[in-house]
Amino acid sequence: DAGVTQSPTHLIKTRGQQVTLRCSPISGHKSVSWYQQVLGQGPQFIFQYYEKEERGRGNFPDRFSARQFPNYSSELNVNALLLGDSALYLCASSLAAGRETQYFGPGTRLLVL
Amino acid sequence: GENVEQHPSTLSVQEGDSAVIKCTYSDSASNYFPWYKQELGKRPQLIIDIRSNVGEKKDQRIAVTLNKTAKHFSLHITETQPEDSAVYFCAGKTFGNEKLTFGTGTRLTIIP
């Protein structure tokens with residue numbers, strides 16, 4: 001019973017660098033959402049993708065981008081990293097857009113130095 | 001946009017007692033309200049959810065109530081156990097909007 005998987009688990013980058021995070025949804029799920037969780041806070045919505053199209057975008061700068069592949073996996077890219085981008089990046093999958101129940105992956109912990 | 005407030009931020013209860021966490025939301029169009037449990041260093045895990053056409057839902061020791069008029073919903077945990085210690089997040093979702101808006105979390109500690 002494979003749940004949502006994410007890679008890598010941890011990542012250390014320096015300011016100005018770029019990072020790519022990966023997510024594979026639960027088998028049969030076609031929608032992927034990305035969230036940023038800063039220590040001590042609740043997750044903040046970044047993007048949702050369904051059938052390779054962006055279906056929602058949160059209040060994040062254009063340095064953040066994402067895409068979804070034909071197999072429904074997804075990548076989150078962050079350019080020109082800032083110290084404030086240090087956070088746990090969570091991927092959540094759901095059956096489809098509009099199907100509310102979202103299941104989270106273990107996250108990628110990003111540290112920007 | 002939707003705003004979800006959650007309290008208390010920390011809660012300590014004796015093992016066996018009940019715990020209640022409350023959330024309020026701002027958007028009357030919100031129609032889905034999940035609760036997640038997050039243990040230290042782990043992923044948020046969905047523990048129960050409720051839709052706006054239902055006033056209460058129960059799953060063993062966990063229950064959620066929703067008051068649409070007052071725009072608030074609550075998580076009730078009965079007969080608490082040490083493994084209930086975690087951070088709990090409420091969230092809300094508006095119909096037609098894909099994002100979950102989370103509260104700020106409640107750190108629940110069960111005292112043996």
# chains A, B, ... in the order shown; residues from 1 in each chain; ligands from 1
>>> closest_atom_pairs(of="chain A", to="chain B", cutoff="10 Å", atoms="only C-alpha atoms", output="Markdown table")
| residue | atom | partner | partner_atom | distance |
| --- | --- | --- | --- | --- |
| A:Ser33 | CA | B:Lys99 | CA | 8.0 |
| A:Trp34 | CA | B:Lys99 | CA | 9.5 |
| A:Tyr35 | CA | B:Leu100 | CA | 9.3 |
| A:Gly40 | CA | B:Thr104 | CA | 7.9 |
| A:Gln41 | CA | B:Thr104 | CA | 5.4 |
| A:Gly42 | CA | B:Thr104 | CA | 5.0 |
| A:Pro43 | CA | B:Phe102 | CA | 6.3 |
| A:Gln44 | CA | B:Thr101 | CA | 7.1 |
| A:Phe45 | CA | B:Lys99 | CA | 6.1 |
| A:Ile46 | CA | B:Lys99 | CA | 8.4 |
| A:Phe47 | CA | B:Lys99 | CA | 8.0 |
| A:Gln48 | CA | B:Glu98 | CA | 6.9 |
| A:Tyr49 | CA | B:Glu98 | CA | 9.4 |
| A:Arg55 | CA | B:Glu98 | CA | 7.0 |
| A:Gly56 | CA | B:Glu98 | CA | 5.9 |
| A:Arg57 | CA | B:Lys99 | CA | 8.1 |
| A:Gly58 | CA | B:Lys99 | CA | 7.8 |
| A:Leu88 | CA | B:Gly41 | CA | 9.5 |
| A:Leu90 | CA | B:Arg43 | CA | 7.9 |
| A:Cys91 | CA | B:Arg43 | CA | 9.7 |
| A:Ala92 | CA | B:Pro44 | CA | 9.7 |
| A:Ala97 | CA | B:Glu98 | CA | 7.0 |
| A:Gly98 | CA | B:Glu98 | CA | 6.6 |
| A:Arg99 | CA | B:Glu98 | CA | 8.9 |
| A:Glu100 | CA | B:Tyr32 | CA | 7.1 |
| A:Thr101 | CA | B:Pro34 | CA | 7.9 |
| A:Gln102 | CA | B:Leu46 | CA | 7.9 |
| A:Tyr103 | CA | B:Leu46 | CA | 6.9 |
| A:Phe104 | CA | B:Pro44 | CA | 6.2 |
| A:Gly105 | CA | B:Arg43 | CA | 6.1 |
| A:Pro106 | CA | B:Arg43 | CA | 4.7 |
| A:Gly107 | CA | B:Arg43 | CA | 6.7 |
| A:Arg109 | CA | B:Gly41 | CA | 9.6 |
>>> select_by_dssp(residues="chain A", states="strand (DSSP E)", output="PDB file with N, CA and C atoms, in the first residue's frame")
ATOM      1  N   THR A   5       4.806   9.583  -1.910  1.00  0.00           N
ATOM      2  CA  THR A   5       6.252   9.571  -1.684  1.00  0.00           C
ATOM      3  C   THR A   5       6.860  10.869  -2.184  1.00  0.00           C
ATOM      4  N   GLN A   6       7.922  11.306  -1.499  1.00  0.00           N
ATOM      5  CA  GLN A   6       8.613  12.526  -1.857  1.00  0.00           C
ATOM      6  C   GLN A   6      10.114  12.298  -1.793  1.00  0.00           C
ATOM      7  N   SER A   7      10.818  13.022  -2.659  1.00  0.00           N
ATOM      8  CA  SER A   7      12.277  12.960  -2.618  1.00  0.00           C
ATOM      9  C   SER A   7      12.865  14.321  -2.993  1.00  0.00           C
ATOM     10  N   HIS A  10      15.762  15.283   2.733  1.00  0.00           N
ATOM     11  CA  HIS A  10      16.416  16.477   3.258  1.00  0.00           C
ATOM     12  C   HIS A  10      17.287  17.088   2.173  1.00  0.00           C
ATOM     13  N   LEU A  11      17.472  18.403   2.272  1.00  0.00           N
ATOM     14  CA  LEU A  11      18.249  19.111   1.263  1.00  0.00           C
ATOM     15  C   LEU A  11      18.836  20.366   1.902  1.00  0.00           C
ATOM     16  N   ILE A  12      20.105  20.607   1.635  1.00  0.00           N
ATOM     17  CA  ILE A  12      20.734  21.844   2.091  1.00  0.00           C
ATOM     18  C   ILE A  12      21.226  22.601   0.869  1.00  0.00           C
ATOM     19  N   LYS A  13      20.823  23.859   0.765  1.00  0.00           N
ATOM     20  CA  LYS A  13      21.224  24.712  -0.358  1.00  0.00           C
ATOM     21  C   LYS A  13      21.723  26.043   0.191  1.00  0.00           C
ATOM     22  N   VAL A  19      16.331  24.705  -6.558  1.00  0.00           N
ATOM     23  CA  VAL A  19      16.067  23.380  -6.022  1.00  0.00           C
ATOM     24  C   VAL A  19      14.850  22.779  -6.720  1.00  0.00           C
ATOM     25  N   THR A  20      14.879  21.459  -6.895  1.00  0.00           N
ATOM     26  CA  THR A  20      13.741  20.728  -7.455  1.00  0.00           C
ATOM     27  C   THR A  20      13.343  19.624  -6.500  1.00  0.00           C
ATOM     28  N   LEU A  21      12.087  19.618  -6.126  1.00  0.00           N
ATOM     29  CA  LEU A  21      11.538  18.618  -5.223  1.00  0.00           C
ATOM     30  C   LEU A  21      10.559  17.757  -6.004  1.00  0.00           C
ATOM     31  N   ARG A  22      10.496  16.478  -5.632  1.00  0.00           N
ATOM     32  CA  ARG A  22       9.683  15.531  -6.402  1.00  0.00           C
ATOM     33  C   ARG A  22       8.640  14.845  -5.538  1.00  0.00           C
ATOM     34  N   CYS A  23       7.531  14.492  -6.185  1.00  0.00           N
ATOM     35  CA  CYS A  23       6.404  13.883  -5.475  1.00  0.00           C
ATOM     36  C   CYS A  23       5.730  12.856  -6.368  1.00  0.00           C
ATOM     37  N   SER A  24       5.422  11.709  -5.799  1.00  0.00           N
ATOM     38  CA  SER A  24       4.616  10.705  -6.495  1.00  0.00           C
ATOM     39  C   SER A  24       3.338  10.488  -5.691  1.00  0.00           C
ATOM     40  N   SER A  31      -4.476  14.162  -8.741  1.00  0.00           N
ATOM     41  CA  SER A  31      -4.275  15.551  -8.336  1.00  0.00           C
ATOM     42  C   SER A  31      -3.178  15.628  -7.283  1.00  0.00           C
ATOM     43  N   VAL A  32      -2.303  16.612  -7.450  1.00  0.00           N
ATOM     44  CA  VAL A  32      -1.204  16.823  -6.514  1.00  0.00           C
ATOM     45  C   VAL A  32      -1.208  18.282  -6.072  1.00  0.00           C
ATOM     46  N   SER A  33      -1.076  18.486  -4.774  1.00  0.00           N
ATOM     47  CA  SER A  33      -0.963  19.841  -4.224  1.00  0.00           C
ATOM     48  C   SER A  33       0.345  19.968  -3.477  1.00  0.00           C
ATOM     49  N   TRP A  34       0.909  21.155  -3.489  1.00  0.00           N
ATOM     50  CA  TRP A  34       2.146  21.445  -2.770  1.00  0.00           C
ATOM     51  C   TRP A  34       1.863  22.473  -1.664  1.00  0.00           C
ATOM     52  N   TYR A  35       2.483  22.229  -0.511  1.00  0.00           N
ATOM     53  CA  TYR A  35       2.350  23.123   0.633  1.00  0.00           C
ATOM     54  C   TYR A  35       3.737  23.387   1.221  1.00  0.00           C
ATOM     55  N   GLN A  36       3.887  24.567   1.788  1.00  0.00           N
ATOM     56  CA  GLN A  36       5.094  24.922   2.538  1.00  0.00           C
ATOM     57  C   GLN A  36       4.737  25.020   4.012  1.00  0.00           C
ATOM     58  N   GLN A  37       5.494  24.328   4.851  1.00  0.00           N
ATOM     59  CA  GLN A  37       5.249  24.399   6.298  1.00  0.00           C
ATOM     60  C   GLN A  37       6.497  24.919   6.997  1.00  0.00           C
ATOM     61  N   GLN A  44       1.067  26.000   4.261  1.00  0.00           N
ATOM     62  CA  GLN A  44       0.559  27.063   3.400  1.00  0.00           C
ATOM     63  C   GLN A  44       0.515  26.547   1.968  1.00  0.00           C
ATOM     64  N   PHE A  45      -0.627  26.718   1.306  1.00  0.00           N
ATOM     65  CA  PHE A  45      -0.835  26.220  -0.041  1.00  0.00           C
ATOM     66  C   PHE A  45       0.026  26.957  -1.054  1.00  0.00           C
ATOM     67  N   ILE A  46       0.692  26.163  -1.919  1.00  0.00           N
ATOM     68  CA  ILE A  46       1.512  26.768  -2.983  1.00  0.00           C
ATOM     69  C   ILE A  46       0.846  26.561  -4.345  1.00  0.00           C
ATOM     70  N   PHE A  47       0.589  25.304  -4.697  1.00  0.00           N
ATOM     71  CA  PHE A  47       0.019  24.971  -6.005  1.00  0.00           C
ATOM     72  C   PHE A  47      -0.870  23.733  -5.891  1.00  0.00           C
ATOM     73  N   GLN A  48      -1.813  23.620  -6.841  1.00  0.00           N
ATOM     74  CA  GLN A  48      -2.438  22.340  -7.097  1.00  0.00           C
ATOM     75  C   GLN A  48      -2.403  22.059  -8.586  1.00  0.00           C
ATOM     76  N   TYR A  49      -2.112  20.817  -8.943  1.00  0.00           N
ATOM     77  CA  TYR A  49      -2.122  20.364 -10.335  1.00  0.00           C
ATOM     78  C   TYR A  49      -3.058  19.183 -10.486  1.00  0.00           C
ATOM     79  N   TYR A  50      -3.775  19.201 -11.594  1.00  0.00           N
ATOM     80  CA  TYR A  50      -4.675  18.102 -11.929  1.00  0.00           C
ATOM     81  C   TYR A  50      -4.621  17.906 -13.424  1.00  0.00           C
ATOM     82  N   GLU A  53      -2.457  20.235 -15.448  1.00  0.00           N
ATOM     83  CA  GLU A  53      -2.768  21.656 -15.508  1.00  0.00           C
ATOM     84  C   GLU A  53      -2.801  22.255 -14.094  1.00  0.00           C
ATOM     85  N   GLU A  54      -2.348  23.481 -13.987  1.00  0.00           N
ATOM     86  CA  GLU A  54      -2.412  24.185 -12.713  1.00  0.00           C
ATOM     87  C   GLU A  54      -3.859  24.548 -12.420  1.00  0.00           C
ATOM     88  N   ARG A  55      -4.343  24.136 -11.271  1.00  0.00           N
ATOM     89  CA  ARG A  55      -5.735  24.384 -10.906  1.00  0.00           C
ATOM     90  C   ARG A  55      -5.854  25.375  -9.740  1.00  0.00           C
ATOM     91  N   GLY A  56      -4.749  25.670  -9.120  1.00  0.00           N
ATOM     92  CA  GLY A  56      -4.790  26.633  -8.024  1.00  0.00           C
ATOM     93  C   GLY A  56      -3.388  27.090  -7.684  1.00  0.00           C
ATOM     94  N   ARG A  57      -3.286  28.334  -7.251  1.00  0.00           N
ATOM     95  CA  ARG A  57      -1.980  28.897  -6.888  1.00  0.00           C
ATOM     96  C   ARG A  57      -2.160  29.729  -5.638  1.00  0.00           C
ATOM     97  N   PHE A  64       8.639  30.365  -7.413  1.00  0.00           N
ATOM     98  CA  PHE A  64       8.085  29.031  -7.215  1.00  0.00           C
ATOM     99  C   PHE A  64       7.333  28.612  -8.470  1.00  0.00           C
ATOM    100  N   SER A  65       7.623  27.417  -8.958  1.00  0.00           N
ATOM    101  CA  SER A  65       6.904  26.882 -10.113  1.00  0.00           C
ATOM    102  C   SER A  65       6.765  25.379  -9.940  1.00  0.00           C
ATOM    103  N   ALA A  66       5.865  24.807 -10.676  1.00  0.00           N
ATOM    104  CA  ALA A  66       5.643  23.369 -10.555  1.00  0.00           C
ATOM    105  C   ALA A  66       5.145  22.826 -11.879  1.00  0.00           C
ATOM    106  N   ARG A  67       5.176  21.521 -11.976  1.00  0.00           N
ATOM    107  CA  ARG A  67       4.583  20.880 -13.138  1.00  0.00           C
ATOM    108  C   ARG A  67       4.170  19.469 -12.755  1.00  0.00           C
ATOM    109  N   GLN A  68       3.289  18.906 -13.568  1.00  0.00           N
ATOM    110  CA  GLN A  68       2.825  17.530 -13.341  1.00  0.00           C
ATOM    111  C   GLN A  68       3.052  16.743 -14.616  1.00  0.00           C
ATOM    112  N   SER A  74       4.837  14.850  -9.749  1.00  0.00           N
ATOM    113  CA  SER A  74       4.964  16.293  -9.851  1.00  0.00           C
ATOM    114  C   SER A  74       6.323  16.755  -9.347  1.00  0.00           C
ATOM    115  N   GLU A  75       6.750  17.893  -9.829  1.00  0.00           N
ATOM    116  CA  GLU A  75       7.960  18.551  -9.362  1.00  0.00           C
ATOM    117  C   GLU A  75       7.631  19.972  -8.933  1.00  0.00           C
ATOM    118  N   LEU A  76       8.272  20.394  -7.854  1.00  0.00           N
ATOM    119  CA  LEU A  76       8.205  21.782  -7.405  1.00  0.00           C
ATOM    120  C   LEU A  76       9.600  22.370  -7.561  1.00  0.00           C
ATOM    121  N   ASN A  77       9.703  23.475  -8.239  1.00  0.00           N
ATOM    122  CA  ASN A  77      10.969  24.170  -8.433  1.00  0.00           C
ATOM    123  C   ASN A  77      10.957  25.507  -7.704  1.00  0.00           C
ATOM    124  N   VAL A  78      12.058  25.799  -7.047  1.00  0.00           N
ATOM    125  CA  VAL A  78      12.201  27.092  -6.409  1.00  0.00           C
ATOM    126  C   VAL A  78      13.528  27.683  -6.878  1.00  0.00           C
ATOM    127  N   ALA A  87      12.099  25.392   5.003  1.00  0.00           N
ATOM    128  CA  ALA A  87      10.793  24.900   5.458  1.00  0.00           C
ATOM    129  C   ALA A  87      10.684  23.427   5.111  1.00  0.00           C
ATOM    130  N   LEU A  88       9.576  22.835   5.566  1.00  0.00           N
ATOM    131  CA  LEU A  88       9.192  21.488   5.149  1.00  0.00           C
ATOM    132  C   LEU A  88       8.230  21.649   3.971  1.00  0.00           C
ATOM    133  N   TYR A  89       8.550  21.044   2.854  1.00  0.00           N
ATOM    134  CA  TYR A  89       7.689  21.129   1.676  1.00  0.00           C
ATOM    135  C   TYR A  89       6.910  19.820   1.566  1.00  0.00           C
ATOM    136  N   LEU A  90       5.613  19.956   1.634  1.00  0.00           N
ATOM    137  CA  LEU A  90       4.725  18.804   1.657  1.00  0.00           C
ATOM    138  C   LEU A  90       3.966  18.684   0.352  1.00  0.00           C
ATOM    139  N   CYS A  91       3.836  17.467  -0.086  1.00  0.00           N
ATOM    140  CA  CYS A  91       3.026  17.159  -1.256  1.00  0.00           C
ATOM    141  C   CYS A  91       1.802  16.398  -0.755  1.00  0.00           C
ATOM    142  N   ALA A  92       0.652  16.683  -1.322  1.00  0.00           N
ATOM    143  CA  ALA A  92      -0.569  15.981  -0.957  1.00  0.00           C
ATOM    144  C   ALA A  92      -1.248  15.499  -2.224  1.00  0.00           C
ATOM    145  N   SER A  93      -1.803  14.311  -2.177  1.00  0.00           N
ATOM    146  CA  SER A  93      -2.508  13.823  -3.354  1.00  0.00           C
ATOM    147  C   SER A  93      -3.981  13.602  -3.034  1.00  0.00           C
ATOM    148  N   SER A  94      -4.795  13.772  -4.071  1.00  0.00           N
ATOM    149  CA  SER A  94      -6.225  13.479  -3.967  1.00  0.00           C
ATOM    150  C   SER A  94      -6.668  12.849  -5.278  1.00  0.00           C
ATOM    151  N   TYR A 103      -4.143  13.570   1.059  1.00  0.00           N
ATOM    152  CA  TYR A 103      -3.238  12.748   1.857  1.00  0.00           C
ATOM    153  C   TYR A 103      -1.814  13.259   1.628  1.00  0.00           C
ATOM    154  N   PHE A 104      -1.113  13.472   2.740  1.00  0.00           N
ATOM    155  CA  PHE A 104       0.197  14.091   2.642  1.00  0.00           C
ATOM    156  C   PHE A 104       1.327  13.071   2.575  1.00  0.00           C
ATOM    157  N   THR A 108       9.773  17.138   2.197  1.00  0.00           N
ATOM    158  CA  THR A 108      11.196  17.382   1.981  1.00  0.00           C
ATOM    159  C   THR A 108      11.574  18.560   2.852  1.00  0.00           C
ATOM    160  N   ARG A 109      12.558  18.329   3.720  1.00  0.00           N
ATOM    161  CA  ARG A 109      13.001  19.424   4.583  1.00  0.00           C
ATOM    162  C   ARG A 109      14.135  20.165   3.896  1.00  0.00           C
ATOM    163  N   LEU A 110      13.897  21.420   3.574  1.00  0.00           N
ATOM    164  CA  LEU A 110      14.871  22.257   2.869  1.00  0.00           C
ATOM    165  C   LEU A 110      15.472  23.262   3.832  1.00  0.00           C
ATOM    166  N   LEU A 111      16.776  23.295   3.857  1.00  0.00           N
ATOM    167  CA  LEU A 111      17.497  24.287   4.655  1.00  0.00           C
ATOM    168  C   LEU A 111      18.307  25.144   3.700  1.00  0.00           C
ATOM    169  N   VAL A 112      18.091  26.446   3.762  1.00  0.00           N
ATOM    170  CA  VAL A 112      18.835  27.387   2.926  1.00  0.00           C
ATOM    171  C   VAL A 112      19.800  28.157   3.808  1.00  0.00           C
TER     172      VAL A 112
END
>>> atom_distance(atom1="atom CA of A:Ile26", atom2="atom CA of B:Ala29")
28.7 Å
>>> residues_around(residues="B:Leu11", least_positions_apart="3", cutoff="10 Å", atoms="only C-alpha atoms", output="MDAnalysis selection string")
chainID B and resid 7:8 19:21 85 87 106:110
>>> write_last_selection(atoms="all heavy atoms", output="CSV table (one decimal), in the first residue's frame")
chain,number,residue,atom,x,y,z
B,7,HIS,N,-7.7,27.5,18.3
B,7,HIS,CA,-7.2,27.7,19.7
B,7,HIS,C,-7.8,26.5,20.5
B,7,HIS,O,-8.8,25.9,20.2
B,7,HIS,CB,-7.6,29.0,20.3
B,7,HIS,CG,-8.8,29.6,19.8
B,7,HIS,ND1,-8.9,30.9,19.3
B,7,HIS,CD2,-10.1,29.1,19.6
B,7,HIS,CE1,-10.1,31.1,18.9
B,7,HIS,NE2,-10.8,30.1,19.0
B,8,PRO,N,-7.0,26.2,21.6
B,8,PRO,CA,-5.8,26.9,22.1
B,8,PRO,C,-4.6,26.5,21.3
B,8,PRO,O,-4.6,25.6,20.5
B,8,PRO,CB,-5.7,26.5,23.5
B,8,PRO,CG,-6.2,25.1,23.5
B,8,PRO,CD,-7.4,25.1,22.5
B,19,ALA,N,-10.3,16.1,25.4
B,19,ALA,CA,-9.6,17.3,24.9
B,19,ALA,C,-10.5,17.9,23.8
B,19,ALA,O,-11.1,17.1,23.0
B,19,ALA,CB,-8.3,16.9,24.3
B,20,VAL,N,-10.6,19.2,23.8
B,20,VAL,CA,-11.4,19.9,22.7
B,20,VAL,C,-10.6,21.0,22.1
B,20,VAL,O,-10.0,21.8,22.8
B,20,VAL,CB,-12.7,20.5,23.4
B,20,VAL,CG1,-13.5,21.2,22.3
B,20,VAL,CG2,-13.5,19.4,24.0
B,21,ILE,N,-10.5,21.0,20.8
B,21,ILE,CA,-9.8,22.0,20.0
B,21,ILE,C,-10.8,22.7,19.1
B,21,ILE,O,-11.6,22.0,18.5
B,21,ILE,CB,-8.7,21.4,19.2
B,21,ILE,CG1,-7.7,20.7,20.1
B,21,ILE,CG2,-7.9,22.5,18.4
B,21,ILE,CD1,-6.7,19.9,19.4
B,85,SER,N,-0.7,12.5,22.0
B,85,SER,CA,0.1,13.7,22.0
B,85,SER,C,0.7,14.0,20.6
B,85,SER,O,1.3,13.1,20.0
B,85,SER,CB,1.3,13.5,23.0
B,85,SER,OG,0.8,13.4,24.3
B,87,VAL,N,0.7,17.6,17.4
B,87,VAL,CA,0.2,18.9,17.0
B,87,VAL,C,-1.0,18.6,16.1
B,87,VAL,O,-0.9,17.8,15.1
B,87,VAL,CB,1.2,19.7,16.3
B,87,VAL,CG1,0.5,21.0,15.8
B,87,VAL,CG2,2.4,20.0,17.2
B,106,THR,N,-2.5,23.2,17.3
B,106,THR,CA,-2.6,23.0,18.7
B,106,THR,C,-1.7,21.9,19.1
B,106,THR,O,-1.8,20.8,18.6
B,106,THR,CB,-4.1,22.7,19.1
B,106,THR,OG1,-4.9,23.8,18.8
B,106,THR,CG2,-4.2,22.4,20.6
B,107,ARG,N,-0.8,22.3,20.0
B,107,ARG,CA,0.1,21.2,20.6
B,107,ARG,C,-0.6,20.6,21.8
B,107,ARG,O,-0.8,21.2,22.8
B,107,ARG,CB,1.4,21.8,21.0
B,107,ARG,CG,2.4,20.7,21.5
B,107,ARG,CD,3.8,21.3,21.8
B,107,ARG,NE,4.4,21.8,20.5
B,107,ARG,CZ,5.0,21.1,19.6
B,107,ARG,NH1,5.0,19.7,19.8
B,107,ARG,NH2,5.5,21.6,18.5
B,108,LEU,N,-1.0,19.3,21.6
B,108,LEU,CA,-1.7,18.6,22.6
B,108,LEU,C,-0.7,17.7,23.4
B,108,LEU,O,0.0,16.9,22.7
B,108,LEU,CB,-2.9,17.7,22.0
B,108,LEU,CG,-3.6,16.8,23.0
B,108,LEU,CD1,-4.3,17.6,24.1
B,108,LEU,CD2,-4.6,15.9,22.2
B,109,THR,N,-0.7,17.8,24.7
B,109,THR,CA,0.1,16.9,25.5
B,109,THR,C,-0.7,16.1,26.5
B,109,THR,O,-1.5,16.8,27.2
B,109,THR,CB,1.2,17.7,26.3
B,109,THR,OG1,2.0,18.5,25.4
B,109,THR,CG2,2.1,16.8,27.1
B,110,ILE,N,-0.6,14.8,26.4
B,110,ILE,CA,-1.4,14.0,27.4
B,110,ILE,C,-0.4,13.6,28.5
B,110,ILE,O,0.6,13.0,28.3
B,110,ILE,CB,-1.9,12.7,26.6
B,110,ILE,CG1,-2.6,13.1,25.4
B,110,ILE,CG2,-2.7,11.9,27.6
B,110,ILE,CD1,-3.8,14.0,25.6
>>> atom_distance(atom1="atom CA of B:Gln6", atom2="atom CA of B:His76")
13.7 Å
>>> residues_around(residues="B:Val64", least_positions_apart="4", cutoff="9 Å", atoms="only C-alpha atoms", output="short mmCIF file (atom, residue, chain, number, x, y, z; two decimals) with N, CA and C atoms, in the first residue's frame")
data_model
loop_
_atom_site.label_atom_id
_atom_site.label_comp_id
_atom_site.auth_asym_id
_atom_site.auth_seq_id
_atom_site.Cartn_x
_atom_site.Cartn_y
_atom_site.Cartn_z
N TRP B 35 -9.36 17.54 9.79
CA TRP B 35 -8.43 17.67 10.91
C TRP B 35 -7.24 16.73 10.66
N ILE B 48 -9.90 12.90 10.74
CA ILE B 48 -11.34 12.96 10.56
C ILE B 48 -11.66 14.20 9.73
N ASP B 49 -12.76 14.17 9.02
CA ASP B 49 -13.18 15.34 8.26
C ASP B 49 -14.70 15.42 8.26
N ILE B 50 -15.20 16.61 7.94
CA ILE B 50 -16.64 16.81 7.94
C ILE B 50 -17.01 17.74 6.80
N GLY B 55 -23.69 17.92 10.61
CA GLY B 55 -23.40 18.69 11.81
C GLY B 55 -22.41 18.03 12.75
N GLU B 56 -22.30 16.71 12.66
CA GLU B 56 -21.41 16.00 13.56
C GLU B 56 -20.97 14.69 12.91
N LYS B 57 -19.74 14.30 13.22
CA LYS B 57 -19.23 13.03 12.72
C LYS B 57 -18.34 12.42 13.79
N LYS B 58 -18.45 11.11 13.96
CA LYS B 58 -17.70 10.45 15.02
C LYS B 58 -16.98 9.23 14.48
N ASP B 59 -15.75 9.02 14.98
CA ASP B 59 -14.98 7.84 14.62
C ASP B 59 -14.26 7.37 15.88
N PHE B 73 -15.99 25.03 14.06
CA PHE B 73 -15.99 23.58 14.16
C PHE B 73 -14.97 23.16 15.20
N SER B 74 -15.22 22.02 15.80
CA SER B 74 -14.42 21.57 16.94
C SER B 74 -14.05 20.11 16.81
N LEU B 75 -12.88 19.78 17.35
CA LEU B 75 -12.40 18.40 17.44
C LEU B 75 -12.51 17.96 18.89
N HIS B 76 -13.12 16.81 19.12
CA HIS B 76 -13.27 16.26 20.45
C HIS B 76 -12.56 14.91 20.50
N ILE B 77 -11.66 14.76 21.44
CA ILE B 77 -10.99 13.48 21.66
C ILE B 77 -11.35 13.02 23.07
#
>>> residues_around(residues="B:Tyr25", least_positions_apart="3", cutoff="7 Å", atoms="only C-alpha atoms", output="PyMOL selection string")
chain B and resi 2-5+71-72
>>> closest_residue(among="B:Ile111, B:Ala86, B:Ala70, B:Val13", to="B:Ser28", atoms="only C-alpha atoms")
B:Ala70
